[in-house]
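These notes concern the structure reproduced below.
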Amino acid sequence: MANYENIKKCLEQNGEVMIRLDSNESIELHKHNMKFSDSSEEIKVDAGTETFWISADKVSCYWIHKEGFSKE
């Protein structure tokens with residue numbers, strides 16, 4: 001599973017980060033609408049009308065968007 005501290009650092013550096021959960025759902029995180037809970041290692045996302053708490057141990061991978069990036 002992805003490391004909580006690495007996700008936190010990646011979001012701080014890039015302003016946004018994509019995560020994939022162990023349920024295969026993908027979620028885009030943005031600095032302006034989420035917080036990290038260091039004591040529980042949970043990610044709290046304020047989605048406007050709903051609030052989500054994501055346990056970091058449920059994140060299977062994370063990545064960032066890059067313009068012009070392509071896989072070959």
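Residue numbering restarts at 1 in every chain; chains get A, B, ... in the order shown in the structure tokens, and ligands count up from 1 in that same order.
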Close residues, Met34 in chain A itself excluded, 9 Å, only C-alpha atoms, min 2 positions apart in chain, as a ChimeraX atom specification
/A:29-32,36,43-47
What would the file look like if the residues just selected were written as a PDB file, in the first residue's frame with C-alpha atoms?
```pdb
ATOM      1  CA  LEU A  29      -7.177  15.088  -4.170  1.00  0.00           C
ATOM      2  CA  HIS A  30      -6.624  18.864  -4.083  1.00  0.00           C
ATOM      3  CA  LYS A  31      -4.869  20.842  -1.351  1.00  0.00           C
ATOM      4  CA  HIS A  32      -7.748  23.297  -0.992  1.00  0.00           C
ATOM      5  CA  PHE A  36      -4.442  14.891   6.695  1.00  0.00           C
ATOM      6  CA  ILE A  43      -7.241  11.638   4.539  1.00  0.00           C
ATOM      7  CA  LYS A  44     -10.296  13.880   5.042  1.00  0.00           C
ATOM      8  CA  VAL A  45     -11.855  15.179   1.818  1.00  0.00           C
ATOM      9  CA  ASP A  46     -14.490  17.939   1.853  1.00  0.00           C
ATOM     10  CA  ALA A  47     -16.493  17.384  -1.344  1.00  0.00           C
TER      11      ALA A  47
END
```
Rank A:Ile54, A:Tyr4, A:Asn33, A:Ser39 by their smallest atom-to-atom distance to Glu16 in chain A, using only C-alpha atoms, and report the top residue only.
A:Asn33
To test your reading of the structure, identify every residue in chain A that backbone DSSP assigns to helix (DSSP H, G or I), and report it as a list in words.
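Matching residues for helix (DSSP H, G or I) in chain A are Tyr4, Glu5, Asn6, Ile7, Lys8, Lys9, Cys10, Leu11, Glu12, Gln13, Asn14, Lys31, His32, Asn33, Ala56, Asp57 and Lys58 of chain A.
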For range 63-66 of chain A: contacts at 10 Å, only C-alpha atoms, fewer than 6 positions along chain excluded, given as a CSV table (one decimal) with N, CA, C and O atoms, in the first residue's frame:
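Result saved to part14.csv:
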```
chain,number,residue,atom,x,y,z
A,7,ILE,N,2.3,10.3,0.2
A,7,ILE,CA,1.1,10.9,-0.4
A,7,ILE,C,1.0,12.4,0.1
A,7,ILE,O,0.8,13.3,-0.7
A,10,CYS,N,3.7,14.5,-1.6
A,10,CYS,CA,3.4,14.6,-3.0
A,10,CYS,C,2.3,15.7,-3.2
A,10,CYS,O,2.4,16.5,-4.1
A,11,LEU,N,1.3,15.7,-2.4
A,11,LEU,CA,0.2,16.7,-2.5
A,11,LEU,C,0.7,18.1,-2.2
A,11,LEU,O,0.4,19.0,-2.8
A,14,ASN,N,2.8,19.2,-5.3
A,14,ASN,CA,2.1,19.3,-6.6
A,14,ASN,C,0.8,20.0,-6.5
A,14,ASN,O,0.2,20.3,-7.6
A,15,GLY,N,0.2,20.1,-5.3
A,15,GLY,CA,-1.1,20.8,-5.2
A,15,GLY,C,-2.3,19.8,-5.5
A,15,GLY,O,-3.4,20.1,-5.1
A,16,GLU,N,-2.0,18.8,-6.2
A,16,GLU,CA,-3.1,17.7,-6.4
A,16,GLU,C,-2.4,16.4,-6.6
A,16,GLU,O,-1.2,16.3,-7.0
A,17,VAL,N,-3.1,15.3,-6.3
A,17,VAL,CA,-2.6,14.0,-6.5
A,17,VAL,C,-3.8,13.1,-6.7
A,17,VAL,O,-4.8,13.2,-6.2
A,18,MET,N,-3.6,12.1,-7.6
A,18,MET,CA,-4.6,11.1,-7.8
A,18,MET,C,-4.2,9.9,-7.0
A,18,MET,O,-3.1,9.5,-6.8
A,19,ILE,N,-5.3,9.3,-6.4
A,19,ILE,CA,-5.1,8.0,-5.6
A,19,ILE,C,-6.0,6.9,-6.1
A,19,ILE,O,-7.1,7.2,-6.6
A,20,ARG,N,-5.5,5.7,-6.0
A,20,ARG,CA,-6.4,4.6,-6.4
A,20,ARG,C,-6.5,3.7,-5.1
A,20,ARG,O,-5.5,3.4,-4.4
A,28,GLU,N,-9.3,12.1,-7.1
A,28,GLU,CA,-8.3,13.2,-7.3
A,28,GLU,C,-8.4,14.1,-6.0
A,28,GLU,O,-9.5,14.6,-5.7
A,29,LEU,N,-7.3,14.3,-5.4
A,29,LEU,CA,-7.2,15.1,-4.2
A,29,LEU,C,-6.6,16.5,-4.5
A,29,LEU,O,-5.6,16.5,-5.3
```
Please indicate the distance in Å from CA of Ser40 in chain A to CA of Glu5 in chain A, rounded to one decimal place.
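About the pair CA of Ser40 in chain A and CA of Glu5 in chain A: they are 12.2 Å apart.
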Please, which residues of range 9-48 of chain A, numbered as in this document, come out strand (DSSP E or B) from DSSP, as a list in words?
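Filtering range 9-48 of chain A to strand (DSSP E or B) leaves Glu16, Val17, Met18, Ile19, Arg20, Leu21, Ser26, Ile27, Glu28, Leu29, His30, Met34, Lys35, Phe36, Ser37, Glu42, Ile43, Lys44, Val45 and Asp46 of chain A.
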Interatomic distance, CA of Glu42 in chain A to CA of Gln13 in chain A (Å, one decimal)
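Distance between the two atoms: 18.9 Å.
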Using only C-alpha atoms, pick whichever of A:Asp22, A:Gly48, A:Tyr62, A:Asp57 has the shortest atom-to-atom distance to Lys9 in chain A.
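Between A:Asp22, A:Gly48, A:Tyr62, A:Asp57, the residue approaching Lys9 in chain A most closely is A:Tyr62.
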So, counting only C-alpha atoms, which residue among A:Asn6, A:Glu12, A:Leu21, A:Ser26 is closest to Ser55 in chain A?
A:Leu21
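CA of Asn24 in chain A sits 9.2 Å away from CA of Val59 in chain A.
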